[in-house]
$ cat coords.cif   # mmCIF, C-alpha atoms and all ligand atoms
data_entry
loop_
_atom_site.label_atom_id
_atom_site.label_comp_id
_atom_site.auth_asym_id
_atom_site.auth_seq_id
_atom_site.Cartn_x
_atom_site.Cartn_y
_atom_site.Cartn_z
CA MET A 1 9.16 28.85 -2.92
CA SER A 2 11.82 28.01 -5.43
CA ILE A 3 15.19 26.47 -4.71
CA GLU A 4 18.39 27.88 -6.19
CA ALA A 5 19.29 25.89 -9.31
CA ARG A 6 22.60 24.65 -7.92
CA ASN A 7 20.86 23.16 -4.87
CA ARG A 8 17.98 21.63 -6.79
CA PHE A 9 17.94 17.83 -6.50
CA ILE A 10 15.29 15.21 -7.03
CA GLY A 11 14.81 12.48 -4.44
CA ILE A 12 12.64 9.43 -5.06
CA ASP A 13 11.56 6.96 -2.38
CA VAL A 14 10.10 3.76 -3.79
CA GLY A 15 8.01 1.96 -1.19
CA GLY A 16 5.93 -1.20 -1.24
CA THR A 17 2.74 0.82 -1.72
CA LYS A 18 3.75 4.22 -3.08
CA ILE A 19 6.45 6.09 -4.95
CA MET A 20 7.18 9.44 -3.32
CA GLY A 21 9.19 12.07 -5.17
CA VAL A 22 10.42 15.51 -4.12
CA VAL A 23 12.38 18.39 -5.52
CA ALA A 24 14.44 19.42 -2.53
CA ASP A 25 17.42 21.38 -1.33
CA PRO A 26 19.59 18.73 0.35
CA THR A 27 21.50 21.34 2.33
CA THR A 28 18.39 22.49 4.20
CA GLY A 29 15.79 19.77 3.61
CA GLU A 30 13.47 22.34 2.09
CA ILE A 31 10.97 20.75 -0.32
CA GLN A 32 9.79 22.69 -3.36
CA VAL A 33 7.56 20.14 -5.09
CA ARG A 34 6.08 16.76 -4.08
CA ARG A 35 4.65 14.00 -6.26
CA LYS A 36 3.18 10.64 -5.32
CA ALA A 37 2.13 7.62 -7.35
CA PRO A 38 1.04 4.11 -6.39
CA THR A 39 3.65 1.35 -6.70
CA PRO A 40 2.39 -1.00 -9.43
CA LYS A 41 1.42 -4.21 -7.68
CA THR A 42 0.31 -6.51 -10.42
CA ASP A 43 3.25 -6.40 -12.83
CA PRO A 44 6.85 -5.73 -11.73
CA GLU A 45 7.65 -4.68 -15.33
CA LEU A 46 5.57 -1.54 -14.78
CA LEU A 47 7.68 -0.23 -11.89
CA PRO A 48 10.46 1.52 -13.92
CA ASP A 49 7.91 3.47 -16.00
CA ALA A 50 5.96 4.49 -12.90
CA ILE A 51 9.19 5.89 -11.38
CA LYS A 52 10.17 7.60 -14.65
CA ASN A 53 6.76 9.32 -14.74
CA VAL A 54 7.24 10.75 -11.24
CA VAL A 55 10.68 12.10 -12.20
CA ALA A 56 9.30 13.60 -15.45
CA GLU A 57 6.49 15.36 -13.56
CA LEU A 58 8.94 16.79 -11.04
CA ILE A 59 11.18 18.11 -13.83
CA ASP A 60 8.18 19.63 -15.62
CA GLU A 61 7.16 21.41 -12.46
CA ALA A 62 10.51 22.59 -11.08
CA GLY A 63 13.01 22.48 -13.96
CA ARG A 64 16.04 20.26 -14.44
CA PRO A 65 17.79 19.26 -11.24
CA VAL A 66 21.53 18.90 -10.69
CA GLY A 67 21.04 15.20 -10.01
CA VAL A 68 18.60 12.52 -8.93
CA GLY A 69 18.70 10.02 -6.07
CA VAL A 70 16.45 6.99 -6.05
CA GLY A 71 15.89 4.80 -2.98
CA VAL A 72 14.48 1.33 -3.54
CA PRO A 73 13.49 -1.23 -0.90
CA GLY A 74 15.76 -4.25 -0.54
CA LEU A 75 19.38 -5.23 -0.98
CA VAL A 76 20.96 -2.52 -3.13
CA ASP A 77 24.65 -2.79 -4.08
CA HIS A 78 27.21 0.01 -4.33
CA GLN A 79 26.28 0.45 -8.02
CA GLY A 80 22.64 1.02 -7.05
CA VAL A 81 21.35 -2.30 -8.40
CA LEU A 82 18.48 -3.90 -6.45
CA HIS A 83 19.28 -7.58 -5.83
CA TYR A 84 16.41 -8.64 -3.62
CA GLY A 85 13.36 -6.74 -2.41
CA PRO A 86 10.61 -8.66 -0.61
CA ASN A 87 8.38 -5.55 -0.70
CA VAL A 88 8.54 -5.30 -4.48
CA PRO A 89 8.04 -8.95 -5.46
CA GLY A 90 9.31 -9.97 -8.88
CA VAL A 91 11.68 -7.00 -9.21
CA LEU A 92 15.18 -8.48 -9.44
CA GLY A 93 18.42 -7.00 -10.77
CA LEU A 94 16.76 -3.62 -11.30
CA ASP A 95 19.24 -0.84 -12.14
CA MET A 96 16.83 2.03 -11.62
CA ALA A 97 19.62 4.62 -11.50
CA GLY A 98 20.90 3.40 -14.89
CA ILE A 99 17.40 3.56 -16.37
CA LEU A 100 16.85 7.14 -15.16
CA ARG A 101 20.33 8.20 -16.32
CA THR A 102 19.58 6.99 -19.85
CA GLU A 103 16.09 8.47 -19.88
CA PHE A 104 16.89 11.95 -18.56
CA GLY A 105 20.62 12.40 -19.24
CA LEU A 106 21.19 13.35 -15.60
CA PRO A 107 23.55 12.00 -12.92
CA VAL A 108 21.58 9.49 -10.84
CA ILE A 109 22.48 7.47 -7.75
CA GLY A 110 20.63 4.38 -6.52
CA GLU A 111 20.41 3.54 -2.81
CA ASN A 112 18.52 1.42 -0.35
CA ASP A 113 15.42 3.32 0.79
CA ALA A 114 16.20 2.96 4.50
CA THR A 115 19.78 4.12 3.92
CA CYS A 116 18.28 7.26 2.37
CA ALA A 117 16.01 7.86 5.35
CA ALA A 118 18.90 7.35 7.75
CA LEU A 119 21.08 9.68 5.70
CA ALA A 120 18.40 12.37 5.98
CA GLU A 121 18.09 11.96 9.76
CA HIS A 122 21.87 12.07 10.09
CA ARG A 123 22.44 15.10 7.88
CA LEU A 124 19.32 17.14 8.65
CA GLY A 125 17.38 15.50 11.45
CA ALA A 126 17.61 13.94 14.90
CA ALA A 127 21.09 12.40 14.45
CA ARG A 128 22.65 15.55 13.04
CA GLY A 129 26.24 16.01 14.14
CA THR A 130 26.66 12.50 15.57
CA MET A 131 29.73 10.37 14.86
CA THR A 132 28.10 7.11 16.02
CA ALA A 133 24.36 6.54 15.92
CA VAL A 134 21.68 3.95 15.30
CA ILE A 135 18.61 4.99 13.31
CA VAL A 136 15.57 2.70 13.36
CA ASN A 137 12.29 3.21 11.57
CA GLN A 138 9.32 1.08 12.63
CA GLY A 139 6.75 0.76 9.88
CA THR A 140 5.10 -2.37 8.53
CA GLY A 141 8.63 -3.74 8.85
CA ILE A 142 11.75 -2.32 10.47
CA ALA A 143 14.23 -0.30 8.47
CA GLY A 144 17.41 1.25 9.69
CA GLY A 145 20.80 2.75 9.25
CA ILE A 146 24.00 2.90 11.23
CA VAL A 147 26.31 5.91 11.50
CA ILE A 148 29.95 5.02 12.17
CA GLY A 149 32.75 7.57 12.02
CA GLY A 150 30.27 10.29 11.08
CA ARG A 151 29.10 8.45 7.96
CA ILE A 152 26.33 6.01 7.09
CA HIS A 153 27.85 2.53 7.15
CA ARG A 154 26.98 0.75 3.89
CA GLY A 155 28.92 -2.49 4.36
CA ALA A 156 31.07 -4.54 1.98
CA ASN A 157 28.32 -5.02 -0.61
CA GLY A 158 26.08 -2.07 0.23
CA PHE A 159 23.69 -4.30 2.17
CA ALA A 160 24.35 -3.11 5.75
CA GLY A 161 21.73 -1.64 8.06
CA GLU A 162 18.98 -4.27 8.17
CA PRO A 163 18.36 -4.45 11.94
CA GLY A 164 14.86 -5.83 11.36
CA HIS A 165 16.38 -9.19 10.45
CA MET A 166 18.54 -9.61 13.52
CA MET A 167 17.55 -12.94 15.06
CA ILE A 168 16.03 -12.12 18.41
CA ASN A 169 13.56 -14.91 19.18
CA ALA A 170 14.63 -18.02 17.27
CA GLY A 171 11.66 -20.12 16.18
CA GLY A 172 9.27 -17.28 17.02
CA HIS A 173 6.90 -15.40 14.75
CA LEU A 174 7.28 -15.64 10.98
CA CYS A 175 9.05 -12.68 9.36
CA ALA A 176 8.40 -11.23 5.89
CA CYS A 177 11.87 -12.54 4.90
CA GLY A 178 10.72 -16.13 5.45
CA LYS A 179 12.59 -16.77 8.70
CA ARG A 180 11.17 -17.13 12.19
CA GLY A 181 12.18 -14.90 15.07
CA CYS A 182 13.55 -11.77 13.37
CA TRP A 183 13.27 -8.54 15.37
CA GLU A 184 10.87 -7.21 12.74
CA ALA A 185 8.40 -10.00 13.53
CA VAL A 186 8.00 -8.70 17.10
CA ALA A 187 8.88 -5.00 16.94
CA SER A 188 7.30 -3.55 13.75
CA GLY A 189 3.66 -2.85 12.87
CA ALA A 190 3.42 -6.51 11.89
CA GLY A 191 5.10 -7.39 15.20
CA LEU A 192 2.52 -5.37 17.14
CA ALA A 193 -0.21 -7.43 15.47
CA ASN A 194 1.67 -10.63 16.39
CA MET A 195 1.86 -9.50 20.04
CA ALA A 196 -1.85 -8.74 19.98
CA ARG A 197 -2.70 -12.21 18.62
CA ASP A 198 -0.60 -13.79 21.38
CA VAL A 199 -2.41 -11.79 24.06
CA VAL A 200 -5.81 -12.57 22.49
CA ALA A 201 -4.87 -16.28 22.44
CA ASP A 202 -4.39 -15.94 26.23
CA GLY A 203 -8.01 -14.78 26.41
CA LYS A 204 -7.19 -11.10 26.96
CA ALA A 205 -7.45 -7.88 24.94
CA LEU A 206 -10.98 -8.65 23.81
CA ARG A 207 -11.58 -5.06 22.70
CA VAL A 208 -8.74 -5.40 20.18
CA LEU A 209 -10.32 -8.62 18.91
CA GLU A 210 -13.67 -6.87 18.64
CA LEU A 211 -12.13 -3.98 16.65
CA ALA A 212 -10.67 -6.58 14.27
CA GLY A 213 -14.17 -7.96 13.64
CA GLY A 214 -13.77 -10.94 15.97
CA ASP A 215 -11.19 -12.76 13.86
CA PRO A 216 -7.71 -13.01 15.43
CA ASP A 217 -6.15 -13.40 11.95
CA SER A 218 -7.54 -9.98 10.99
CA ILE A 219 -5.81 -8.16 13.86
CA ARG A 220 -3.50 -5.45 12.63
CA GLY A 221 -1.37 -2.85 14.38
CA GLU A 222 -4.03 -0.18 13.92
CA HIS A 223 -6.57 -2.18 15.93
CA VAL A 224 -4.16 -2.07 18.85
CA SER A 225 -3.61 1.67 18.29
CA ALA A 226 -7.36 2.24 18.29
CA ALA A 227 -7.81 0.30 21.55
CA ILE A 228 -4.90 2.21 23.11
CA ALA A 229 -6.57 5.47 22.07
CA GLU A 230 -9.70 4.29 23.93
CA GLU A 231 -7.46 3.62 26.97
CA ASP A 232 -8.39 -0.06 26.98
CA PRO A 233 -6.34 -1.46 29.89
CA GLU A 234 -5.75 -4.84 28.22
CA ALA A 235 -4.42 -3.21 25.08
CA ALA A 236 -1.85 -1.66 27.38
CA ILE A 237 -0.59 -5.20 28.15
CA ILE A 238 0.09 -5.68 24.44
CA LEU A 239 1.91 -2.37 24.24
CA GLU A 240 4.09 -3.11 27.24
CA ARG A 241 5.10 -6.47 25.78
CA PHE A 242 5.74 -4.81 22.45
CA ALA A 243 7.87 -2.04 23.98
CA GLY A 244 9.87 -4.82 25.67
CA TRP A 245 10.70 -6.41 22.31
CA VAL A 246 11.60 -3.04 20.81
CA ALA A 247 13.91 -2.49 23.78
CA GLU A 248 15.54 -5.94 23.40
CA GLY A 249 16.52 -5.23 19.81
CA LEU A 250 17.80 -1.75 20.62
CA ALA A 251 19.82 -3.15 23.53
CA SER A 252 21.50 -5.58 21.09
CA LEU A 253 22.28 -2.71 18.73
CA VAL A 254 23.67 -0.65 21.61
CA ALA A 255 25.85 -3.58 22.70
CA LEU A 256 27.18 -3.92 19.15
CA ILE A 257 27.58 -0.27 18.10
CA ASP A 258 27.84 1.76 21.36
CA PRO A 259 26.05 4.75 19.77
CA GLU A 260 25.75 8.30 21.11
CA LEU A 261 22.01 8.03 20.57
CA VAL A 262 19.26 5.97 19.01
CA VAL A 263 16.78 7.63 16.66
CA LEU A 264 13.39 5.94 16.59
CA GLY A 265 10.99 6.83 13.79
CA GLY A 266 7.81 5.60 12.14
CA GLY A 267 4.15 5.84 13.05
CA LEU A 268 4.39 3.48 16.02
CA THR A 269 6.42 5.91 18.12
CA ALA A 270 3.28 8.06 18.32
CA ILE A 271 1.07 5.18 19.55
CA ASN A 272 0.93 6.90 22.93
CA ARG A 273 2.92 9.66 24.55
CA HIS A 274 4.81 7.27 26.84
CA PHE A 275 6.01 4.91 24.14
CA ILE A 276 9.56 6.18 23.69
CA SER A 277 10.10 6.63 27.42
CA ASP A 278 8.75 3.09 28.06
CA VAL A 279 11.18 1.67 25.52
CA GLN A 280 13.97 3.77 27.04
CA GLU A 281 13.22 2.46 30.52
CA GLN A 282 13.14 -1.16 29.39
CA MET A 283 16.26 -0.76 27.24
CA ASN A 284 18.14 0.80 30.16
CA LYS A 285 17.40 -2.32 32.22
CA THR A 286 18.25 -4.87 29.56
CA VAL A 287 21.36 -3.41 27.93
CA MET A 288 24.62 -5.21 28.66
CA GLY A 289 26.43 -3.69 31.66
CA ALA A 290 23.45 -1.43 32.31
CA ALA A 291 24.64 -0.14 35.68
CA TYR A 292 28.09 0.72 34.39
CA ARG A 293 27.48 2.74 31.25
CA PRO A 294 25.86 6.08 30.46
CA GLU A 295 22.28 6.01 29.24
CA VAL A 296 21.99 5.96 25.45
CA PRO A 297 19.14 8.39 24.75
CA ILE A 298 16.34 7.31 22.42
CA VAL A 299 15.09 10.32 20.46
CA PRO A 300 12.21 10.59 17.98
CA ALA A 301 13.00 10.95 14.27
CA ARG A 302 12.39 14.46 12.92
CA LEU A 303 11.81 14.15 9.20
CA GLY A 304 8.72 11.94 9.15
CA ALA A 305 7.42 10.14 6.08
CA GLU A 306 9.46 12.27 3.67
CA ALA A 307 12.83 11.26 5.15
CA GLY A 308 13.45 8.67 2.43
CA ALA A 309 12.83 11.06 -0.45
CA ILE A 310 14.84 13.88 1.16
CA GLY A 311 17.68 11.43 1.88
CA ALA A 312 17.71 10.28 -1.74
CA ALA A 313 18.25 13.93 -2.72
CA VAL A 314 21.03 14.19 -0.11
CA SER A 315 22.68 11.10 -1.60
CA ALA A 316 22.50 12.62 -5.07
CA ARG A 317 24.15 15.79 -3.80
CA ASP A 318 26.94 13.73 -2.24
CA LEU A 319 27.75 12.50 -5.76
CA PHE A 320 28.94 16.02 -6.56
CA PHE A 321 30.22 17.43 -3.33
CA GLY A 322 31.28 14.29 -1.48
CA ARG A 323 30.67 13.92 2.15
ZN ZN B 401 13.44 -11.35 8.72
#

$ encode --input "coords.cif" --output "structure tokens"
Amino acid sequence: MSIEARNRFIGIDVGGTKIMGVVADPTTGEIQVRRKAPTPKTDPELLPDAIKNVVAELIDEAGRPVGVGVGVPGLVDHQGVLHYGPNVPGVLGLDMAGILRTEFGLPVIGENDATCAALAEHRLGAARGTMTAVIVNQGTGIAGGIVIGGRIHRGANGFAGEPGHMMINAGGHLCACGKRGCWEAVASGAGLANMARDVVADGKALRVLELAGGDPDSIRGEHVSAAIAEEDPEAAIILERFAGWVAEGLASLVALIDPELVVLGGGLTAINRHFISDVQEQMNKTVMGAAYRPEVPIVPARLGAEAGAIGAAVSARDLFFGR
């Protein structure tokens, strides 16, 4: 199916492992063409060309777009320049939007990847129509976005919306950012593995250890998922502890933002069918003034793994039509 030329935008989501590109209609979320390429790992100098190639392929396939949005992981300023990105080591000061503008002669906007995903959920997904919302995506790390006054809140420098690095357990597990005790270190995929190692160190969850080949250091989130799928009762202990940490972080966000709802996305929400309701139950108990406030519903994200790329296209459209 082809998209009307005036609604044709390219969205690029640059992740730590892959670059995902779409030609999409940002008013409906409809995707016409998809392209994927691996993120170059060995040499950060190769990243701009890898992204350019994805854009060129999308243009070849679907024709010239009205504009391009590119989401990159890390601290991205209002001009779209990446200042710091732990998931793309060695890439500093990258002005990917500027590079694409010069290469293709098109309007291009640069954004943080999680801001793009949150933008997509707000405009087209589970947070549609909200004035105040918190959007959290649990992957290897935790990404997020905050909606205030009906708009994504970008902050003074463009760096807002990093809930994964809220300090929640000072001195606790090591986070990818180098600090100990960030929410991400207990409530992401990496956090699930940390929980599992703790439970294994207590002499429990032996099935998880077995699935990891007997080495606690090899335990990853998917070993816990596999044990949960087998209905291993001790893996359930890990999951309950994990859901508790997810709830603690959300309760802090609720105390700070007072949102209409919380959108929870990422593969972990599907770990079992009770997960979101378990987190909801624990969050309802732990949130400040719990007995005296309405429940803040936790709802699953709708746009899945393509949210970032769709959101980048939405951001590019906003360049023309505003918000
Ligand atoms: Zn951190």

$ residues_around --input "coords.cif" --residues "region 286-298 of chain A" --least-positions-apart "6" --cutoff "12 Å" --atoms "only C-alpha atoms" --output "MDAnalysis selection string"
chainID A and resid 126:127 132:136 244:265 269 275:280

$ write_last_selection --input "coords.cif" --atoms "C-alpha atoms" --output "mmCIF file, in the frame of the given file"
data_model
loop_
_atom_site.group_PDB
_atom_site.id
_atom_site.type_symbol
_atom_site.label_atom_id
_atom_site.label_comp_id
_atom_site.auth_asym_id
_atom_site.auth_seq_id
_atom_site.Cartn_x
_atom_site.Cartn_y
_atom_site.Cartn_z
ATOM 1 C CA ALA A 126 17.610 13.940 14.900
ATOM 2 C CA ALA A 127 21.090 12.400 14.450
ATOM 3 C CA THR A 132 28.100 7.110 16.020
ATOM 4 C CA ALA A 133 24.360 6.540 15.920
ATOM 5 C CA VAL A 134 21.680 3.950 15.300
ATOM 6 C CA ILE A 135 18.610 4.990 13.310
ATOM 7 C CA VAL A 136 15.570 2.700 13.360
ATOM 8 C CA GLY A 244 9.870 -4.820 25.670
ATOM 9 C CA TRP A 245 10.700 -6.410 22.310
ATOM 10 C CA VAL A 246 11.600 -3.040 20.810
ATOM 11 C CA ALA A 247 13.910 -2.490 23.780
ATOM 12 C CA GLU A 248 15.540 -5.940 23.400
ATOM 13 C CA GLY A 249 16.520 -5.230 19.810
ATOM 14 C CA LEU A 250 17.800 -1.750 20.620
ATOM 15 C CA ALA A 251 19.820 -3.150 23.530
ATOM 16 C CA SER A 252 21.500 -5.580 21.090
ATOM 17 C CA LEU A 253 22.280 -2.710 18.730
ATOM 18 C CA VAL A 254 23.670 -0.650 21.610
ATOM 19 C CA ALA A 255 25.850 -3.580 22.700
ATOM 20 C CA LEU A 256 27.180 -3.920 19.150
ATOM 21 C CA ILE A 257 27.580 -0.270 18.100
ATOM 22 C CA ASP A 258 27.840 1.760 21.360
ATOM 23 C CA PRO A 259 26.050 4.750 19.770
ATOM 24 C CA GLU A 260 25.750 8.300 21.110
ATOM 25 C CA LEU A 261 22.010 8.030 20.570
ATOM 26 C CA VAL A 262 19.260 5.970 19.010
ATOM 27 C CA VAL A 263 16.780 7.630 16.660
ATOM 28 C CA LEU A 264 13.390 5.940 16.590
ATOM 29 C CA GLY A 265 10.990 6.830 13.790
ATOM 30 C CA THR A 269 6.420 5.910 18.120
ATOM 31 C CA PHE A 275 6.010 4.910 24.140
ATOM 32 C CA ILE A 276 9.560 6.180 23.690
ATOM 33 C CA SER A 277 10.100 6.630 27.420
ATOM 34 C CA ASP A 278 8.750 3.090 28.060
ATOM 35 C CA VAL A 279 11.180 1.670 25.520
ATOM 36 C CA GLN A 280 13.970 3.770 27.040
#

$ residues_near_ligand --input "coords.cif" --ligand "ligand ZN 401 (chain B)" --cutoff "10 Å" --atoms "all atoms listed in the file" --output "number ranges by chain"
A: 141-142, 162-167, 173-185

$ atom_distance --input "coords.cif" --atom1 "CA of Val314 (chain A)" --atom2 "CA of Pro26 (chain A)"
4.8 Å

$ closest_atom_pairs --input "coords.cif" --of "region 120-226 of chain A" --to "region 63-76 of chain A" --cutoff "9 Å" --atoms "all atoms listed in the file" --output "Markdown table"
| residue | atom | partner | partner_atom | distance |
| --- | --- | --- | --- | --- |
| A:Asn157 | CA | A:Val76 | CA | 8.2 |
| A:Gly158 | CA | A:Val76 | CA | 6.1 |
| A:Phe159 | CA | A:Leu75 | CA | 5.4 |
| A:Ala160 | CA | A:Leu75 | CA | 8.6 |

$ residues_near_point --input "coords.cif" --point "(16.3, 20.4, 1.9)" --cutoff "12 Å" --atoms "only C-alpha atoms" --output "PyMOL selection string"
chain A and resi 2-4+7-11+22-33+120-121+123-125+303+306-307+309-315+317

$ decode --input "coords.cif" --residues "region 42-72 of chain A" --atoms "C-alpha atoms" --output "PDB file, in the first residue's frame"
ATOM      1  CA  THR A  42      33.630  -2.267  15.777  1.00  0.00           C
ATOM      2  CA  ASP A  43      34.128   1.255  14.451  1.00  0.00           C
ATOM      3  CA  PRO A  44      31.949   4.232  15.481  1.00  0.00           C
ATOM      4  CA  GLU A  45      33.057   6.030  12.281  1.00  0.00           C
ATOM      5  CA  LEU A  46      30.956   3.562  10.278  1.00  0.00           C
ATOM      6  CA  LEU A  47      27.661   4.495  11.947  1.00  0.00           C
ATOM      7  CA  PRO A  48      26.752   7.582   9.811  1.00  0.00           C
ATOM      8  CA  ASP A  49      27.238   5.642   6.556  1.00  0.00           C
ATOM      9  CA  ALA A  50      25.181   2.708   7.830  1.00  0.00           C
ATOM     10  CA  ILE A  51      22.314   5.112   8.629  1.00  0.00           C
ATOM     11  CA  LYS A  52      22.682   6.906   5.274  1.00  0.00           C
ATOM     12  CA  ASN A  53      22.406   3.545   3.480  1.00  0.00           C
ATOM     13  CA  VAL A  54      19.122   2.732   5.231  1.00  0.00           C
ATOM     14  CA  VAL A  55      17.686   6.136   4.267  1.00  0.00           C
ATOM     15  CA  ALA A  56      18.879   5.721   0.638  1.00  0.00           C
ATOM     16  CA  GLU A  57      17.231   2.292   0.390  1.00  0.00           C
ATOM     17  CA  LEU A  58      13.960   3.635   1.769  1.00  0.00           C
ATOM     18  CA  ILE A  59      13.982   6.509  -0.746  1.00  0.00           C
ATOM     19  CA  ASP A  60      14.747   4.097  -3.598  1.00  0.00           C
ATOM     20  CA  GLU A  61      11.825   1.940  -2.600  1.00  0.00           C
ATOM     21  CA  ALA A  62       9.166   4.529  -1.738  1.00  0.00           C
ATOM     22  CA  GLY A  63      10.240   7.823  -3.340  1.00  0.00           C
ATOM     23  CA  ARG A  64      11.337  11.054  -1.711  1.00  0.00           C
ATOM     24  CA  PRO A  65       9.701  11.780   1.620  1.00  0.00           C
ATOM     25  CA  VAL A  66       8.581  15.165   2.934  1.00  0.00           C
ATOM     26  CA  GLY A  67      11.108  14.870   5.750  1.00  0.00           C
ATOM     27  CA  VAL A  68      13.189  12.503   7.843  1.00  0.00           C
ATOM     28  CA  GLY A  69      13.351  11.935  11.593  1.00  0.00           C
ATOM     29  CA  VAL A  70      16.266  10.126  13.170  1.00  0.00           C
ATOM     30  CA  GLY A  71      16.260   8.848  16.756  1.00  0.00           C
ATOM     31  CA  VAL A  72      19.611   8.059  18.338  1.00  0.00           C
TER      32      VAL A  72
END
